[in-house]
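Here is the file upload36.cif (mmCIF, C-alpha atoms).
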data_protein
loop_
_atom_site.group_PDB
_atom_site.id
_atom_site.type_symbol
_atom_site.label_atom_id
_atom_site.label_comp_id
_atom_site.auth_asym_id
_atom_site.auth_seq_id
_atom_site.Cartn_x
_atom_site.Cartn_y
_atom_site.Cartn_z
ATOM 1 C CA MET A 1 83.342 104.420 170.716
ATOM 2 C CA ILE A 2 83.996 102.923 167.271
ATOM 3 C CA SER A 3 87.147 104.486 165.859
ATOM 4 C CA ASP A 4 88.524 104.395 162.336
ATOM 5 C CA LYS A 5 90.757 101.659 161.024
ATOM 6 C CA VAL A 6 94.459 102.366 160.651
ATOM 7 C CA ASN A 7 96.299 101.767 157.387
ATOM 8 C CA ILE A 8 99.838 101.267 158.637
ATOM 9 C CA GLU A 9 101.607 102.012 155.347
ATOM 10 C CA LYS A 10 99.668 105.240 154.806
ATOM 11 C CA LYS A 11 100.588 106.450 158.278
ATOM 12 C CA PHE A 12 104.268 106.268 157.304
ATOM 13 C CA LEU A 13 103.623 108.876 154.582
ATOM 14 C CA LYS A 14 102.775 111.451 157.231
ATOM 15 C CA PHE A 15 106.215 111.948 158.793
ATOM 16 C CA SER A 16 109.861 111.678 157.835
ATOM 17 C CA GLU A 17 111.886 111.917 161.053
ATOM 18 C CA PHE A 18 114.009 108.970 162.086
ATOM 19 C CA TRP A 19 113.891 107.453 165.582
ATOM 20 C CA SER A 20 110.755 109.432 166.336
ATOM 21 C CA PRO A 21 107.914 107.032 167.161
ATOM 22 C CA ARG A 22 104.368 108.029 166.300
ATOM 23 C CA VAL A 23 101.330 106.511 167.992
ATOM 24 C CA ILE A 24 98.783 105.005 165.605
ATOM 25 C CA ALA A 25 96.480 103.150 168.005
ATOM 26 C CA GLU A 26 95.890 102.281 171.629
ATOM 27 C CA MET A 27 94.743 98.998 173.137
ATOM 28 C CA ASN A 28 93.994 99.183 176.880
ATOM 29 C CA ASP A 29 97.127 100.829 178.333
ATOM 30 C CA TYR A 30 99.295 99.737 175.396
ATOM 31 C CA GLN A 31 100.202 101.676 172.280
ATOM 32 C CA PHE A 32 100.955 100.742 168.696
ATOM 33 C CA LYS A 33 103.684 103.067 167.427
ATOM 34 C CA ILE A 34 105.441 103.284 164.093
ATOM 35 C CA ALA A 35 108.936 104.595 163.449
ATOM 36 C CA LYS A 36 111.375 105.099 160.618
ATOM 37 C CA ILE A 37 114.849 104.089 161.637
ATOM 38 C CA LYS A 38 118.256 104.418 159.997
ATOM 39 C CA GLY A 39 121.714 104.049 161.480
ATOM 40 C CA GLY A 40 122.473 102.910 164.977
ATOM 41 C CA PHE A 41 120.396 103.711 168.032
ATOM 42 C CA ILE A 42 121.887 103.666 171.543
ATOM 43 C CA TRP A 43 122.278 100.772 173.940
ATOM 44 C CA HIS A 44 119.403 100.856 176.389
ATOM 45 C CA LYS A 45 116.941 98.694 178.292
ATOM 46 C CA HIS A 46 113.428 98.854 179.649
ATOM 47 C CA ASP A 47 113.424 97.589 183.215
ATOM 48 C CA ASP A 48 109.669 97.285 183.554
ATOM 49 C CA THR A 49 108.426 95.946 180.247
ATOM 50 C CA ASP A 50 108.966 93.771 177.218
ATOM 51 C CA GLU A 51 108.937 95.585 173.869
ATOM 52 C CA ALA A 52 107.649 94.132 170.604
ATOM 53 C CA PHE A 53 109.171 95.029 167.221
ATOM 54 C CA ILE A 54 107.552 94.189 163.875
ATOM 55 C CA VAL A 55 109.327 95.104 160.642
ATOM 56 C CA ILE A 56 106.857 96.605 158.179
ATOM 57 C CA GLU A 57 109.395 97.321 155.407
ATOM 58 C CA GLY A 58 113.151 96.887 155.175
ATOM 59 C CA THR A 59 115.626 95.172 157.445
ATOM 60 C CA MET A 60 116.871 95.936 160.938
ATOM 61 C CA LYS A 61 119.160 94.317 163.418
ATOM 62 C CA ILE A 62 118.876 94.209 167.175
ATOM 63 C CA GLN A 63 122.177 93.787 168.934
ATOM 64 C CA PHE A 64 122.326 92.194 172.363
ATOM 65 C CA LYS A 65 125.414 91.822 174.484
ATOM 66 C CA GLU A 66 125.758 88.162 173.531
ATOM 67 C CA LYS A 67 124.161 87.984 170.080
ATOM 68 C CA GLU A 68 122.547 89.873 167.239
ATOM 69 C CA ILE A 69 119.330 89.169 165.355
ATOM 70 C CA THR A 70 118.267 90.316 161.906
ATOM 71 C CA LEU A 71 114.610 91.126 161.330
ATOM 72 C CA ASN A 72 113.164 91.320 157.842
ATOM 73 C CA GLN A 73 109.750 92.441 156.647
ATOM 74 C CA GLY A 74 106.971 90.526 158.377
ATOM 75 C CA GLU A 75 109.122 89.413 161.283
ATOM 76 C CA LEU A 76 108.296 89.950 164.933
ATOM 77 C CA TYR A 77 110.582 90.015 167.931
ATOM 78 C CA VAL A 78 109.867 90.670 171.589
ATOM 79 C CA VAL A 79 112.796 92.141 173.507
ATOM 80 C CA PRO A 80 112.516 90.896 177.103
ATOM 81 C CA LYS A 81 112.391 93.471 179.866
ATOM 82 C CA GLY A 82 115.692 94.394 181.434
ATOM 83 C CA ILE A 83 117.774 93.222 178.472
ATOM 84 C CA GLU A 84 120.252 95.716 176.985
ATOM 85 C CA HIS A 85 119.675 96.094 173.271
ATOM 86 C CA LYS A 86 120.677 98.327 170.384
ATOM 87 C CA PRO A 87 118.524 98.625 167.246
ATOM 88 C CA ILE A 88 120.372 99.264 163.992
ATOM 89 C CA ALA A 89 119.300 99.706 160.368
ATOM 90 C CA MET A 90 121.774 100.032 157.516
ATOM 91 C CA GLU A 91 119.084 101.474 155.239
ATOM 92 C CA THR A 92 115.787 103.124 156.080
ATOM 93 C CA CYS A 93 113.546 100.628 157.819
ATOM 94 C CA LYS A 94 109.912 101.011 158.819
ATOM 95 C CA ILE A 95 108.920 99.338 162.053
ATOM 96 C CA MET A 96 105.966 99.007 164.382
ATOM 97 C CA LEU A 97 106.441 98.897 168.149
ATOM 98 C CA ILE A 98 103.922 97.597 170.654
ATOM 99 C CA GLU A 99 104.507 98.414 174.300
ATOM 100 C CA PRO A 100 102.795 99.990 177.302
ATOM 101 C CA LYS A 101 101.941 103.676 177.121
ATOM 102 C CA GLY A 102 104.668 105.866 178.585
ATOM 103 C CA VAL A 103 107.714 103.744 177.703
ATOM 104 C CA LYS A 104 110.670 105.971 176.840
ATOM 105 C CA ASN A 105 112.403 105.050 173.585
ATOM 106 C CA THR A 106 115.831 105.349 175.183
ATOM 107 C CA GLY A 107 114.796 103.312 178.216
ATOM 108 C CA ASP A 108 116.654 104.240 181.383
ATOM 109 C CA LEU A 109 118.800 106.860 179.602
ATOM 110 C CA THR A 110 118.226 110.458 178.638
ATOM 111 C CA HIS A 111 119.886 111.149 175.315
ATOM 112 C CA GLU A 112 119.559 113.435 172.320
ATOM 113 C CA LEU A 113 117.673 110.545 170.691
ATOM 114 C CA SER A 114 115.112 110.491 173.514
ATOM 115 C CA ALA A 115 111.773 111.124 171.837
ATOM 116 C CA GLU A 116 108.651 112.753 173.173
ATOM 117 C CA ASN A 117 105.855 110.311 173.911
ATOM 118 C CA ASP A 118 102.215 110.314 172.790
ATOM 119 C CA ILE A 119 102.732 112.011 169.432
ATOM 120 C CA TRP A 120 99.994 110.621 167.225
ATOM 121 C CA VAL A 121 100.067 110.449 163.477
ATOM 122 C CA MET B 1 116.298 85.018 177.854
ATOM 123 C CA ILE B 2 116.850 85.899 174.194
ATOM 124 C CA SER B 3 114.298 84.011 172.127
ATOM 125 C CA ASP B 4 114.096 83.497 168.382
ATOM 126 C CA LYS B 5 112.486 85.908 165.997
ATOM 127 C CA VAL B 6 109.070 85.041 164.573
ATOM 128 C CA ASN B 7 108.384 85.049 160.847
ATOM 129 C CA ILE B 8 104.652 85.645 160.772
ATOM 130 C CA GLU B 9 104.028 84.327 157.254
ATOM 131 C CA LYS B 10 105.937 81.089 157.913
ATOM 132 C CA LYS B 11 103.903 80.452 161.058
ATOM 133 C CA PHE B 12 100.745 80.364 158.942
ATOM 134 C CA LEU B 13 102.150 77.356 157.035
ATOM 135 C CA LYS B 14 102.020 75.292 160.204
ATOM 136 C CA PHE B 15 98.265 74.969 160.636
ATOM 137 C CA SER B 16 95.128 74.970 158.519
ATOM 138 C CA GLU B 17 92.175 75.205 160.898
ATOM 139 C CA PHE B 18 89.909 78.233 160.691
ATOM 140 C CA TRP B 19 88.947 80.307 163.735
ATOM 141 C CA SER B 20 91.603 78.571 165.781
ATOM 142 C CA PRO B 21 94.106 81.146 167.079
ATOM 143 C CA ARG B 22 97.716 80.106 167.576
ATOM 144 C CA VAL B 23 100.075 81.971 169.884
ATOM 145 C CA ILE B 24 103.303 83.134 168.225
ATOM 146 C CA ALA B 25 104.775 85.431 170.893
ATOM 147 C CA GLU B 26 104.185 86.899 174.331
ATOM 148 C CA MET B 27 104.877 90.424 175.563
ATOM 149 C CA ASN B 28 104.372 90.879 179.313
ATOM 150 C CA ASP B 29 100.902 89.420 179.931
ATOM 151 C CA TYR B 30 99.815 89.942 176.316
ATOM 152 C CA GLN B 31 99.891 87.499 173.440
ATOM 153 C CA PHE B 32 100.359 87.793 169.697
ATOM 154 C CA LYS B 33 98.132 85.224 168.028
ATOM 155 C CA ILE B 34 97.532 84.397 164.388
ATOM 156 C CA ALA B 35 94.399 82.918 162.886
ATOM 157 C CA LYS B 36 92.993 81.872 159.547
ATOM 158 C CA ILE B 37 89.402 82.944 159.206
ATOM 159 C CA LYS B 38 86.692 82.268 156.647
ATOM 160 C CA GLY B 39 82.957 82.767 156.844
ATOM 161 C CA GLY B 40 81.154 84.458 159.675
ATOM 162 C CA PHE B 41 82.108 84.248 163.329
ATOM 163 C CA ILE B 42 79.578 84.824 166.107
ATOM 164 C CA TRP B 43 78.520 88.064 167.723
ATOM 165 C CA HIS B 44 80.446 88.475 170.959
ATOM 166 C CA LYS B 45 82.221 90.990 173.166
ATOM 167 C CA HIS B 46 85.103 91.143 175.597
ATOM 168 C CA ASP B 47 83.981 92.979 178.708
ATOM 169 C CA ASP B 48 87.440 93.431 180.184
ATOM 170 C CA THR B 49 89.717 94.235 177.276
ATOM 171 C CA ASP B 50 90.255 95.877 173.926
ATOM 172 C CA GLU B 51 91.298 93.521 171.116
ATOM 173 C CA ALA B 52 93.617 94.446 168.242
ATOM 174 C CA PHE B 53 93.228 92.962 164.739
ATOM 175 C CA ILE B 54 95.856 93.278 162.006
ATOM 176 C CA VAL B 55 95.191 91.788 158.568
ATOM 177 C CA ILE B 56 98.281 89.964 157.314
ATOM 178 C CA GLU B 57 96.750 88.734 154.037
ATOM 179 C CA GLY B 58 93.298 89.017 152.542
ATOM 180 C CA THR B 59 90.274 91.028 153.579
ATOM 181 C CA MET B 60 87.950 90.820 156.549
ATOM 182 C CA LYS B 61 85.025 92.764 157.876
ATOM 183 C CA ILE B 62 84.094 93.496 161.440
ATOM 184 C CA GLN B 63 80.412 94.128 161.950
ATOM 185 C CA PHE B 64 79.226 96.267 164.826
ATOM 186 C CA LYS B 65 75.623 96.895 165.756
ATOM 187 C CA GLU B 66 75.706 100.337 164.145
ATOM 188 C CA LYS B 67 78.335 99.980 161.432
ATOM 189 C CA GLU B 68 80.727 97.696 159.606
ATOM 190 C CA ILE B 69 84.384 98.153 158.765
ATOM 191 C CA THR B 70 86.474 96.464 156.095
ATOM 192 C CA LEU B 71 90.091 95.670 156.854
ATOM 193 C CA ASN B 72 92.576 94.944 154.090
ATOM 194 C CA GLN B 73 96.170 93.736 154.263
ATOM 195 C CA GLY B 74 98.280 95.987 156.457
ATOM 196 C CA GLU B 75 95.332 97.508 158.295
ATOM 197 C CA LEU B 76 94.924 97.607 162.057
ATOM 198 C CA TYR B 77 91.812 97.970 164.127
ATOM 199 C CA VAL B 78 91.279 97.948 167.868
ATOM 200 C CA VAL B 79 87.858 96.741 168.963
ATOM 201 C CA PRO B 80 87.008 98.573 172.205
ATOM 202 C CA LYS B 81 86.163 96.500 175.237
ATOM 203 C CA GLY B 82 82.520 95.761 175.800
ATOM 204 C CA ILE B 83 81.530 96.368 172.176
ATOM 205 C CA GLU B 84 79.600 93.609 170.394
ATOM 206 C CA HIS B 85 81.327 92.637 167.180
ATOM 207 C CA LYS B 86 81.238 89.925 164.529
ATOM 208 C CA PRO B 87 84.271 89.170 162.357
ATOM 209 C CA ILE B 88 83.551 87.941 158.829
ATOM 210 C CA ALA B 89 85.725 86.929 155.871
ATOM 211 C CA MET B 90 84.282 86.074 152.468
ATOM 212 C CA GLU B 91 87.520 84.339 151.445
ATOM 213 C CA THR B 92 90.327 82.945 153.565
ATOM 214 C CA CYS B 93 91.948 85.762 155.490
ATOM 215 C CA LYS B 94 95.060 85.655 157.661
ATOM 216 C CA ILE B 95 95.007 87.856 160.710
ATOM 217 C CA MET B 96 97.053 88.654 163.785
ATOM 218 C CA LEU B 97 95.392 89.366 167.119
ATOM 219 C CA ILE B 98 97.010 91.131 170.048
ATOM 220 C CA GLU B 99 95.274 90.914 173.395
ATOM 221 C CA PRO B 100 95.882 89.908 177.011
ATOM 222 C CA LYS B 101 96.639 86.275 177.715
ATOM 223 C CA GLY B 102 93.542 84.278 178.572
ATOM 224 C CA VAL B 103 91.011 86.139 176.432
ATOM 225 C CA LYS B 104 88.414 83.728 175.050
ATOM 226 C CA ASN B 105 87.843 84.053 171.292
ATOM 227 C CA THR B 106 84.074 83.924 171.734
ATOM 228 C CA GLY B 107 84.141 86.443 174.559
ATOM 229 C CA ASP B 108 81.362 86.016 177.074
ATOM 230 C CA LEU B 109 79.818 83.109 175.147
ATOM 231 C CA THR B 110 80.547 79.398 175.023
ATOM 232 C CA HIS B 111 80.022 78.116 171.506
ATOM 233 C CA GLU B 112 81.240 75.384 169.187
ATOM 234 C CA LEU B 113 83.624 78.005 167.804
ATOM 235 C CA SER B 114 85.160 78.600 171.261
ATOM 236 C CA ALA B 115 88.838 77.777 170.869
ATOM 237 C CA GLU B 116 91.313 76.471 173.382
ATOM 238 C CA ASN B 117 93.805 79.080 174.562
ATOM 239 C CA ASP B 118 97.592 78.991 174.687
ATOM 240 C CA ILE B 119 98.135 76.751 171.681
ATOM 241 C CA TRP B 120 101.489 77.830 170.270
ATOM 242 C CA VAL B 121 102.623 77.386 166.731
#
Serialized structure, structure tokens:
Amino acid sequence: MISDKVNIEKKFLKFSEFWSPRVIAEMNDYQFKIAKIKGGFIWHKHDDTDEAFIVIEGTMKIQFKEKEITLNQGELYVVPKGIEHKPIAMETCKIMLIEPKGVKNTGDLTHELSAENDIWV
Amino acid sequence: MISDKVNIEKKFLKFSEFWSPRVIAEMNDYQFKIAKIKGGFIWHKHDDTDEAFIVIEGTMKIQFKEKEITLNQGELYVVPKGIEHKPIAMETCKIMLIEPKGVKNTGDLTHELSAENDIWV
């Protein structure tokens, strides 16, 4: 019942792929995932759920149709459900995502960037 | 619809009370809360939900009946639902909690350390 603790930074040492979220913990039917991102992702939305981003290292932007936000290390943002958004990172950025289990990274789209779910690291 | 980003460290500058969680963001029916902790909390459990702890600064321990874990900065732990636990910090520690809205900090107990919910910072 009592699992091990998770050192977030150490988990990032275990994979190198970009835009390929890895699960590091579960809480009820939610998952904590980490990802390395670089470059621009695709415009997408999640019709059924909000999605939380926390920047662990580096800087990312999230573009929305009407504005853009910049997230630096230690900053948290919750993208509301149904809102089109496009994550971007000029340089490698390490992020943590918190969202319900089963959420597709490309939302309502199938794309070459669509990642398999439930890959633990 | 598009809210502001949250700088976790800056939110900690806005309050000083120990064991008094402040909400910094919501995701669906879950909340991100931050707390300053020092000393020992009480033994308690949450019968209906897991509870995620992330240490933002400092070191804390979580005692269980059969073991104890130490969490340092950047470490994540999910306490399973129904499991008795007791958070402790020898020195001031800054933590983030993620759990469903409405969870009482003292679980199934009412105690002088029971904190009011839904206080945003």
Applying 6 Å and all atoms listed in the file, which residues near Ala52 in chain B remain after dropping the ones on its own chain fewer than 2 positions away? List them as a compact mmCIF listing (two decimals) with C-alpha atoms, in the coordinates of the input.
# COMPACT_ATOMS: atom_id res chain seq x y z
CA TYR B 77 91.81 97.97 164.13
CA VAL B 78 91.28 97.95 167.87
CA LEU B 97 95.39 89.37 167.12
CA ILE B 98 97.01 91.13 170.05
**Message:** I want to know what sits within 8 Å of range 63-65 of chain B, based on all atoms listed in the file, with residues of the same chain fewer than 6 positions away left out; could you give that as a PyMOL selection string?
**Reply:** chain B and resi 83-88
Taken to one decimal, the CA of Ile37 in chain A-CA of Ile56 in chain B distance is 22.2 Å
Residues returned when the PyMOL selection byres ((chain B) within 9 of (chain A)) runs on this file, as number ranges by chain | B: 1-9, 25-28, 49-52, 56, 64, 67, 69-81, 83, 98-99
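This file, queried with the PyMOL selection byres ((chain B and resi 17) around 9), gives the residues Phe15, Ser16, Phe18, Trp19, Ser20, Pro21, Ala35, Lys36 and Ile37 of chain B.
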May I ask you to restore N, CA and C atoms in range 64-93 of chain B and write the result as a compact mmCIF listing (two decimals), in the coordinates of the input?
# COMPACT_ATOMS: atom_id res chain seq x y z
N PHE B 64 79.68 95.77 163.53
CA PHE B 64 79.23 96.27 164.83
C PHE B 64 77.72 96.49 164.70
N LYS B 65 77.07 96.73 165.81
CA LYS B 65 75.62 96.90 165.76
C LYS B 65 75.24 98.08 164.87
N GLU B 66 76.07 99.13 164.88
CA GLU B 66 75.71 100.34 164.14
C GLU B 66 76.53 100.61 162.91
N LYS B 67 77.57 99.79 162.66
CA LYS B 67 78.33 99.98 161.43
C LYS B 67 79.15 98.74 161.12
N GLU B 68 79.89 98.82 160.02
CA GLU B 68 80.73 97.70 159.61
C GLU B 68 82.01 98.28 159.05
N ILE B 69 83.14 97.68 159.36
CA ILE B 69 84.38 98.15 158.76
C ILE B 69 85.01 97.02 157.95
N THR B 70 85.75 97.42 156.93
CA THR B 70 86.47 96.46 156.10
C THR B 70 87.96 96.67 156.32
N LEU B 71 88.64 95.60 156.62
CA LEU B 71 90.09 95.67 156.85
C LEU B 71 90.82 94.89 155.77
N ASN B 72 91.74 95.58 155.10
CA ASN B 72 92.58 94.94 154.09
C ASN B 72 93.97 94.70 154.65
N GLN B 73 94.79 94.04 153.85
CA GLN B 73 96.17 93.74 154.26
C GLN B 73 96.88 94.99 154.77
N GLY B 74 97.53 94.87 155.92
CA GLY B 74 98.28 95.99 156.46
C GLY B 74 97.44 96.98 157.24
N GLU B 75 96.20 96.61 157.53
CA GLU B 75 95.33 97.51 158.29
C GLU B 75 95.10 96.95 159.70
N LEU B 76 95.00 97.89 160.62
CA LEU B 76 94.92 97.61 162.06
C LEU B 76 93.63 98.19 162.59
N TYR B 77 93.01 97.44 163.47
CA TYR B 77 91.81 97.97 164.13
C TYR B 77 91.76 97.46 165.55
N VAL B 78 91.41 98.35 166.47
CA VAL B 78 91.28 97.95 167.87
C VAL B 78 89.80 97.99 168.25
N VAL B 79 89.25 96.83 168.51
CA VAL B 79 87.86 96.74 168.96
C VAL B 79 87.82 97.12 170.44
N PRO B 80 87.05 98.16 170.80
CA PRO B 80 87.01 98.57 172.20
C PRO B 80 86.33 97.52 173.08
N LYS B 81 86.75 97.48 174.33
CA LYS B 81 86.16 96.50 175.24
C LYS B 81 84.67 96.75 175.41
N GLY B 82 83.95 95.66 175.54
CA GLY B 82 82.52 95.76 175.80
C GLY B 82 81.66 95.97 174.57
N ILE B 83 82.29 96.10 173.40
CA ILE B 83 81.53 96.37 172.18
C ILE B 83 81.26 95.05 171.43
N GLU B 84 79.98 94.80 171.15
CA GLU B 84 79.60 93.61 170.39
C GLU B 84 80.17 93.71 168.98
N HIS B 85 80.77 92.63 168.54
CA HIS B 85 81.33 92.64 167.18
C HIS B 85 81.27 91.24 166.58
N LYS B 86 81.31 91.20 165.26
CA LYS B 86 81.24 89.92 164.53
C LYS B 86 82.22 89.97 163.38
N PRO B 87 83.33 89.25 163.48
CA PRO B 87 84.27 89.17 162.36
C PRO B 87 83.72 88.28 161.24
N ILE B 88 84.00 88.68 160.01
CA ILE B 88 83.55 87.94 158.83
C ILE B 88 84.65 88.00 157.77
N ALA B 89 84.84 86.90 157.04
CA ALA B 89 85.72 86.93 155.87
C ALA B 89 85.07 86.15 154.75
N MET B 90 84.91 86.76 153.60
CA MET B 90 84.28 86.07 152.47
C MET B 90 85.21 84.99 151.93
N GLU B 91 86.50 85.31 151.87
CA GLU B 91 87.52 84.34 151.44
C GLU B 91 88.50 84.17 152.61
N THR B 92 89.33 83.17 152.51
CA THR B 92 90.33 82.94 153.56
C THR B 92 91.12 84.22 153.83
N CYS B 93 91.22 84.57 155.08
CA CYS B 93 91.95 85.76 155.49
C CYS B 93 92.87 85.38 156.65
